[in-house]
Every structure is written in C-alpha cells, then in structure tokens.
Amino acid sequence: MTKEIAEIRTGSCLCGAVAFEVRGAMRPVIACHCRQCQKTSGHFVAATACLADQLTLTNETGLRWFQSSPEAQRGFCGECGGNLFYRRLDRDQVSIMTGMLDHPTGLDLAEHIFVADKSDYYEIGDGRLQYASDTPDRSARRKA
Ligand SMILES: [Zn+2]
Ligand SMILES: [Zn+2]
C-alpha cells in the first residue's frame with residue numbers, strides 16, 4: 001500500500017479560531033515527555049515541524065503566544081485552549097502538535113525525547129528510539 005499524500009496539510013484547534021496550512025515535507029513526529037510539555041498538554045506531546053515559511057495561518061484570531069522559556073514560545077488558542085505550536089526564537093522552524101492536523105497526516109512517530117522526565121503512570125512500549133533528554137544531533141547543534 002502506498003500513501004499518496006499531497007504535500008499540503010491543513011489543521012486547526014478544537015474551536016477553529018486557529019487554523020493553518022503547511023506546504024511541503026514535514027519532519028517525522030517526535031514525542032516529547034518533558035515537564036513543560038506535560039504542563040501544556042496534560043500528558044506528553046507529539047509534534048511534527050516545518051520551516052516557518054511553509055506555514056500559513058488561515059485563521060489566527062484565537063492565536064496567543066506564551067513565552068515558556070527565554071528562548072522559546074508556545075502557541076495556543078485563547079478561545080478553546082488548544083496547544084498548537086512551539087517555536088524557538090533562534091530557529092526558523094515551527095513545531096506543530098500533530099493532533100491538530102487533519103487526517104490522514106501521512107506522518108510517523110520516529111522517537112521519544114526527554115523520557116527521563118516522563119511521569120510514572122504510563123510506559124513507552126512502541127519500540128521507537130528513546131532519548132533521556134534531547135536527541136544527540138540536536139543537542140550538538142544547540143551547543144554550536
Ligand atoms: Zn480554538
Ligand atoms: Zn517537551
């Protein structure tokens with residue numbers, strides 16, 4: 001079976017006050033179990049990503065940005081509370097919470113990061129790669 005996914009994806013929050021379109025390839029999904037992602041989502045997040053200029057907001061009336069650390073912001077819907085975006089101010093990339101995308105996404109979950117911070121009420125048993133903190137290549141890039 002081949003997945004024929006047009007490389008245009010759409011998505012929105014629960015109420016629709018934030019809606020978007022992404023053109024072109026998106027990064028494989030990364031599940032992040034860090035404390036911040038727990039606190040913004042109620043569980044852990046699974047995010048894909050694209051370059052900032054691939055993303056078009058088709059409705060941003062509800063969009064609010066929260067400065068979650070000195071170098072990053074989290075985008076959410078001020079109407080329904082949906083957790084949509086994560087962006088580092090030093091990168092031209094936007095992470096998008098994968099559950100916001102319309103189906104089918106054509107994406108696959110590749111790895112789990114910050115598993116050292118995960119809570120004790122669930123286990124990760126899907127066989128994907130797991131990293132105690134960030135992925136090694138991205139940690140290296142961050143130091144550069
Ligand atoms: Zn909303
Ligand atoms: Zn996280």
# chains A, B, ... in the order shown; residues from 1 in each chain; ligands from 1
call {"tool": "residues_around", "arguments": {"residues": "region 12-21 of chain A", "least_positions_apart": "4", "cutoff": "12 Å", "atoms": "only C-alpha atoms", "output": "PyMOL selection string"}}
result
chain A and resi 7-8+26+50+52-64+75-85+96-103
call {"tool": "select_by_dssp", "arguments": {"residues": "region 4-140 of chain A", "states": "strand (DSSP E or B)", "output": "ChimeraX atom specification"}}
result
/A:8-12,19-23,29-32,45-51,55-59,63-69,72-77,83-88,93-97,101,109-113,129-130
call {"tool": "residues_around", "arguments": {"residues": "Glu111 (chain A)", "least_positions_apart": "6", "cutoff": "10 Å", "atoms": "only C-alpha atoms", "output": "PDB file with C-alpha atoms, in the first residue's frame"}}
result
ATOM      1  CA  PRO A  28       8.809  12.923  11.381  1.00  0.00           C
ATOM      2  CA  VAL A  29       6.893  13.145  14.626  1.00  0.00           C
ATOM      3  CA  ILE A  30       8.809  13.425  17.892  1.00  0.00           C
ATOM      4  CA  ALA A  31       7.110  12.684  21.205  1.00  0.00           C
ATOM      5  CA  CYS A  32       8.384  14.944  23.978  1.00  0.00           C
ATOM      6  CA  ALA A  46       3.759  14.503  19.733  1.00  0.00           C
ATOM      7  CA  ASP A 126       6.086   1.197  20.812  1.00  0.00           C
ATOM      8  CA  GLY A 127       9.694   0.219  20.031  1.00  0.00           C
ATOM      9  CA  ARG A 128      10.658   3.700  18.812  1.00  0.00           C
ATOM     10  CA  LEU A 129      14.003   5.256  19.766  1.00  0.00           C
ATOM     11  CA  GLN A 130      14.131   6.831  23.204  1.00  0.00           C
ATOM     12  CA  TYR A 131      16.449   9.571  24.434  1.00  0.00           C
ATOM     13  CA  THR A 135      18.214  13.909  20.505  1.00  0.00           C
TER      14      THR A 135
END
call {"tool": "closest_residue", "arguments": {"among": "A:Gly125, A:Gly11, A:Gly24, A:Gly42", "to": "ligand 2", "atoms": "only C-alpha atoms and all ligand atoms"}}
result
A:Gly42
call {"tool": "residues_near_ligand", "arguments": {"ligand": "ligand 2", "cutoff": "10 Å", "atoms": "only C-alpha atoms and all ligand atoms", "output": "PDB file with N, CA, C and O atoms, in the first residue's frame"}}
result
ATOM      1  N   ILE A  30       8.012  13.679  16.694  1.00  0.00           N
ATOM      2  CA  ILE A  30       8.809  13.425  17.892  1.00  0.00           C
ATOM      3  C   ILE A  30       7.907  13.600  19.106  1.00  0.00           C
ATOM      4  O   ILE A  30       7.220  14.613  19.238  1.00  0.00           O
ATOM      5  N   ALA A  31       7.881  12.591  19.965  1.00  0.00           N
ATOM      6  CA  ALA A  31       7.110  12.684  21.205  1.00  0.00           C
ATOM      7  C   ALA A  31       8.023  13.244  22.280  1.00  0.00           C
ATOM      8  O   ALA A  31       9.118  12.730  22.508  1.00  0.00           O
ATOM      9  N   CYS A  32       7.568  14.320  22.936  1.00  0.00           N
ATOM     10  CA  CYS A  32       8.384  14.944  23.978  1.00  0.00           C
ATOM     11  C   CYS A  32       7.704  14.775  25.331  1.00  0.00           C
ATOM     12  O   CYS A  32       6.545  15.163  25.503  1.00  0.00           O
ATOM     13  N   HIS A  33       8.465  14.189  26.254  1.00  0.00           N
ATOM     14  CA  HIS A  33       7.923  13.868  27.582  1.00  0.00           C
ATOM     15  C   HIS A  33       8.441  14.833  28.647  1.00  0.00           C
ATOM     16  O   HIS A  33       8.405  14.518  29.830  1.00  0.00           O
ATOM     17  N   CYS A  34       8.934  16.004  28.238  1.00  0.00           N
ATOM     18  CA  CYS A  34       9.498  16.942  29.217  1.00  0.00           C
ATOM     19  C   CYS A  34       8.406  17.543  30.090  1.00  0.00           C
ATOM     20  O   CYS A  34       7.216  17.474  29.779  1.00  0.00           O
ATOM     21  N   ARG A  35       8.834  18.156  31.161  1.00  0.00           N
ATOM     22  CA  ARG A  35       7.900  18.709  32.140  1.00  0.00           C
ATOM     23  C   ARG A  35       7.030  19.812  31.532  1.00  0.00           C
ATOM     24  O   ARG A  35       5.841  19.915  31.836  1.00  0.00           O
ATOM     25  N   GLN A  36       7.617  20.653  30.693  1.00  0.00           N
ATOM     26  CA  GLN A  36       6.840  21.735  30.078  1.00  0.00           C
ATOM     27  C   GLN A  36       5.742  21.180  29.180  1.00  0.00           C
ATOM     28  O   GLN A  36       4.618  21.682  29.179  1.00  0.00           O
ATOM     29  N   CYS A  37       6.077  20.152  28.406  1.00  0.00           N
ATOM     30  CA  CYS A  37       5.060  19.575  27.514  1.00  0.00           C
ATOM     31  C   CYS A  37       3.955  18.902  28.330  1.00  0.00           C
ATOM     32  O   CYS A  37       2.793  18.950  27.947  1.00  0.00           O
ATOM     33  N   GLN A  38       4.316  18.302  29.445  1.00  0.00           N
ATOM     34  CA  GLN A  38       3.283  17.735  30.331  1.00  0.00           C
ATOM     35  C   GLN A  38       2.336  18.828  30.799  1.00  0.00           C
ATOM     36  O   GLN A  38       1.111  18.671  30.802  1.00  0.00           O
ATOM     37  N   LYS A  39       2.920  19.953  31.188  1.00  0.00           N
ATOM     38  CA  LYS A  39       2.118  21.028  31.774  1.00  0.00           C
ATOM     39  C   LYS A  39       1.251  21.758  30.757  1.00  0.00           C
ATOM     40  O   LYS A  39       0.211  22.318  31.117  1.00  0.00           O
ATOM     41  N   THR A  40       1.671  21.786  29.493  1.00  0.00           N
ATOM     42  CA  THR A  40       0.844  22.483  28.500  1.00  0.00           C
ATOM     43  C   THR A  40      -0.185  21.564  27.859  1.00  0.00           C
ATOM     44  O   THR A  40      -1.168  22.044  27.302  1.00  0.00           O
ATOM     45  N   SER A  41       0.049  20.246  27.919  1.00  0.00           N
ATOM     46  CA  SER A  41      -0.853  19.337  27.206  1.00  0.00           C
ATOM     47  C   SER A  41      -1.671  18.452  28.133  1.00  0.00           C
ATOM     48  O   SER A  41      -2.664  17.858  27.728  1.00  0.00           O
ATOM     49  N   PHE A  44       1.833  14.034  27.275  1.00  0.00           N
ATOM     50  CA  PHE A  44       3.063  14.402  26.588  1.00  0.00           C
ATOM     51  C   PHE A  44       2.657  14.866  25.209  1.00  0.00           C
ATOM     52  O   PHE A  44       1.507  14.655  24.809  1.00  0.00           O
ATOM     53  N   VAL A  45       3.554  15.521  24.481  1.00  0.00           N
ATOM     54  CA  VAL A  45       3.165  15.998  23.161  1.00  0.00           C
ATOM     55  C   VAL A  45       3.834  15.163  22.074  1.00  0.00           C
ATOM     56  O   VAL A  45       4.883  14.558  22.295  1.00  0.00           O
ATOM     57  N   ALA A  46       3.202  15.130  20.926  1.00  0.00           N
ATOM     58  CA  ALA A  46       3.759  14.503  19.733  1.00  0.00           C
ATOM     59  C   ALA A  46       3.727  15.574  18.654  1.00  0.00           C
ATOM     60  O   ALA A  46       2.659  15.988  18.217  1.00  0.00           O
ATOM     61  N   ALA A  47       4.908  16.043  18.274  1.00  0.00           N
ATOM     62  CA  ALA A  47       4.972  17.189  17.368  1.00  0.00           C
ATOM     63  C   ALA A  47       5.739  16.879  16.097  1.00  0.00           C
ATOM     64  O   ALA A  47       6.779  16.213  16.125  1.00  0.00           O
ATOM     65  N   TYR A  86       5.059  25.287  18.876  1.00  0.00           N
ATOM     66  CA  TYR A  86       6.237  25.555  19.705  1.00  0.00           C
ATOM     67  C   TYR A  86       7.279  26.128  18.767  1.00  0.00           C
ATOM     68  O   TYR A  86       7.495  25.591  17.675  1.00  0.00           O
ATOM     69  N   HIS A 112      11.152   9.233  20.879  1.00  0.00           N
ATOM     70  CA  HIS A 112      10.715   9.855  22.129  1.00  0.00           C
ATOM     71  C   HIS A 112      11.894  10.602  22.731  1.00  0.00           C
ATOM     72  O   HIS A 112      12.993  10.047  22.822  1.00  0.00           O
ATOM     73  N   ILE A 113      11.678  11.826  23.166  1.00  0.00           N
ATOM     74  CA  ILE A 113      12.750  12.590  23.807  1.00  0.00           C
ATOM     75  C   ILE A 113      12.336  13.011  25.214  1.00  0.00           C
ATOM     76  O   ILE A 113      11.152  13.025  25.549  1.00  0.00           O
ATOM     77  N   PHE A 114      13.332  13.337  26.004  1.00  0.00           N
ATOM     78  CA  PHE A 114      13.155  13.723  27.413  1.00  0.00           C
ATOM     79  C   PHE A 114      12.384  12.661  28.197  1.00  0.00           C
ATOM     80  O   PHE A 114      11.582  12.984  29.073  1.00  0.00           O
ATOM     81  N   VAL A 115      12.694  11.378  27.891  1.00  0.00           N
ATOM     82  CA  VAL A 115      11.981  10.310  28.602  1.00  0.00           C
ATOM     83  C   VAL A 115      12.399  10.248  30.078  1.00  0.00           C
ATOM     84  O   VAL A 115      11.672   9.703  30.899  1.00  0.00           O
ATOM     85  N   ASP A 117      12.260  12.590  32.015  1.00  0.00           N
ATOM     86  CA  ASP A 117      11.316  13.460  32.731  1.00  0.00           C
ATOM     87  C   ASP A 117       9.886  12.942  32.716  1.00  0.00           C
ATOM     88  O   ASP A 117       8.994  13.571  33.283  1.00  0.00           O
ATOM     89  N   LYS A 118       9.644  11.807  32.062  1.00  0.00           N
ATOM     90  CA  LYS A 118       8.262  11.348  31.929  1.00  0.00           C
ATOM     91  C   LYS A 118       7.687  10.957  33.286  1.00  0.00           C
ATOM     92  O   LYS A 118       8.425  10.604  34.201  1.00  0.00           O
ATOM     93  N   SER A 133      17.250  12.868  27.159  1.00  0.00           N
ATOM     94  CA  SER A 133      16.952  14.292  27.024  1.00  0.00           C
ATOM     95  C   SER A 133      16.684  14.583  25.552  1.00  0.00           C
ATOM     96  O   SER A 133      15.858  13.921  24.949  1.00  0.00           O
ATOM     97  N   ASP A 134      17.364  15.551  24.984  1.00  0.00           N
ATOM     98  CA  ASP A 134      17.129  15.878  23.584  1.00  0.00           C
ATOM     99  C   ASP A 134      17.838  14.849  22.697  1.00  0.00           C
ATOM    100  O   ASP A 134      18.685  14.099  23.162  1.00  0.00           O
TER     101      ASP A 134
END
call {"tool": "atom_distance", "arguments": {"atom1": "CA of Glu71 (chain A)", "atom2": "CA of Leu107 (chain A)"}}
result
27.2 Å
call {"tool": "select_by_dssp", "arguments": {"residues": "region 26-137 of chain A", "states": "helix (DSSP H, G or I)", "output": "PyMOL selection string"}}
result
chain A and resi 35-41+52-54+98-100+115-117+136-137
call {"tool": "write_last_selection", "arguments": {"atoms": "N, CA, C and O atoms", "output": "compact mmCIF listing (two decimals), in the first residue's frame"}}
result
# COMPACT_ATOMS: atom_id res chain seq x y z
N ARG A 35 8.83 18.16 31.16
CA ARG A 35 7.90 18.71 32.14
C ARG A 35 7.03 19.81 31.53
O ARG A 35 5.84 19.91 31.84
N GLN A 36 7.62 20.65 30.69
CA GLN A 36 6.84 21.73 30.08
C GLN A 36 5.74 21.18 29.18
O GLN A 36 4.62 21.68 29.18
N CYS A 37 6.08 20.15 28.41
CA CYS A 37 5.06 19.58 27.51
C CYS A 37 3.96 18.90 28.33
O CYS A 37 2.79 18.95 27.95
N GLN A 38 4.32 18.30 29.44
CA GLN A 38 3.28 17.73 30.33
C GLN A 38 2.34 18.83 30.80
O GLN A 38 1.11 18.67 30.80
N LYS A 39 2.92 19.95 31.19
CA LYS A 39 2.12 21.03 31.77
C LYS A 39 1.25 21.76 30.76
O LYS A 39 0.21 22.32 31.12
N THR A 40 1.67 21.79 29.49
CA THR A 40 0.84 22.48 28.50
C THR A 40 -0.18 21.56 27.86
O THR A 40 -1.17 22.04 27.30
N SER A 41 0.05 20.25 27.92
CA SER A 41 -0.85 19.34 27.21
C SER A 41 -1.67 18.45 28.13
O SER A 41 -2.66 17.86 27.73
N ALA A 52 9.39 27.90 9.02
CA ALA A 52 8.40 28.93 9.28
C ALA A 52 7.68 29.37 7.99
O ALA A 52 6.48 29.61 8.00
N ASP A 53 8.41 29.43 6.88
CA ASP A 53 7.76 29.94 5.66
C ASP A 53 6.91 28.88 4.95
O ASP A 53 6.25 29.18 3.96
N GLN A 54 6.88 27.65 5.46
CA GLN A 54 5.96 26.64 4.92
C GLN A 54 4.58 26.76 5.55
O GLN A 54 3.61 26.19 5.06
N THR A 98 0.92 17.32 16.48
CA THR A 98 0.44 16.51 15.36
C THR A 98 -1.07 16.27 15.40
O THR A 98 -1.71 16.13 14.37
N GLY A 99 -1.64 16.23 16.60
CA GLY A 99 -3.08 16.02 16.72
C GLY A 99 -3.92 17.13 16.12
O GLY A 99 -5.12 16.97 15.90
N MET A 100 -3.30 18.28 15.84
CA MET A 100 -4.02 19.40 15.24
C MET A 100 -4.21 19.23 13.73
O MET A 100 -5.01 19.91 13.11
N VAL A 115 12.69 11.38 27.89
CA VAL A 115 11.98 10.31 28.60
C VAL A 115 12.40 10.25 30.08
O VAL A 115 11.67 9.70 30.90
N ALA A 116 13.55 10.84 30.42
CA ALA A 116 13.97 10.87 31.84
C ALA A 116 12.98 11.69 32.67
O ALA A 116 12.90 11.51 33.88
N ASP A 117 12.26 12.59 32.01
CA ASP A 117 11.32 13.46 32.73
C ASP A 117 9.89 12.94 32.72
O ASP A 117 8.99 13.57 33.28
N PRO A 136 20.61 13.41 20.29
CA PRO A 136 22.04 13.77 20.29
C PRO A 136 22.39 14.82 19.23
O PRO A 136 23.11 15.76 19.51
N ASP A 137 21.86 14.67 18.02
CA ASP A 137 22.25 15.62 16.96
C ASP A 137 21.74 17.03 17.27
O ASP A 137 22.42 18.00 17.03
call {"tool": "decode", "arguments": {"residues": "region 124-137 of chain A", "atoms": "N, CA and C atoms", "output": "short mmCIF file (atom, residue, chain, number, x, y, z; two decimals), in the first residue's frame"}}
result
data_model
loop_
_atom_site.label_atom_id
_atom_site.label_comp_id
_atom_site.auth_asym_id
_atom_site.auth_seq_id
_atom_site.Cartn_x
_atom_site.Cartn_y
_atom_site.Cartn_z
N ILE A 124 6.36 3.52 27.81
CA ILE A 124 6.52 3.68 26.37
C ILE A 124 6.85 2.30 25.81
N GLY A 125 5.96 1.75 24.98
CA GLY A 125 6.18 0.39 24.52
C GLY A 125 6.05 0.22 23.02
N ASP A 126 6.31 1.29 22.25
CA ASP A 126 6.09 1.20 20.81
C ASP A 126 7.34 0.85 20.03
N GLY A 127 8.47 0.62 20.73
CA GLY A 127 9.69 0.22 20.03
C GLY A 127 10.45 1.35 19.35
N ARG A 128 9.95 2.57 19.43
CA ARG A 128 10.66 3.70 18.81
C ARG A 128 11.87 4.07 19.67
N LEU A 129 12.81 4.80 19.06
CA LEU A 129 14.00 5.26 19.77
C LEU A 129 13.61 6.13 20.96
N GLN A 130 14.38 6.01 22.02
CA GLN A 130 14.13 6.83 23.20
C GLN A 130 15.42 7.53 23.62
N TYR A 131 15.31 8.80 23.95
CA TYR A 131 16.45 9.57 24.43
C TYR A 131 16.12 10.17 25.79
N ALA A 132 17.08 10.11 26.70
CA ALA A 132 16.87 10.63 28.05
C ALA A 132 16.55 12.12 28.03
N SER A 133 17.25 12.87 27.16
CA SER A 133 16.95 14.29 27.02
C SER A 133 16.68 14.58 25.55
N ASP A 134 17.36 15.55 24.98
CA ASP A 134 17.13 15.88 23.58
C ASP A 134 17.84 14.85 22.70
N THR A 135 17.50 14.81 21.41
CA THR A 135 18.21 13.91 20.50
C THR A 135 19.66 14.36 20.41
N PRO A 136 20.61 13.41 20.29
CA PRO A 136 22.04 13.77 20.29
C PRO A 136 22.39 14.82 19.23
N ASP A 137 21.86 14.67 18.02
CA ASP A 137 22.25 15.62 16.96
C ASP A 137 21.74 17.03 17.27
#
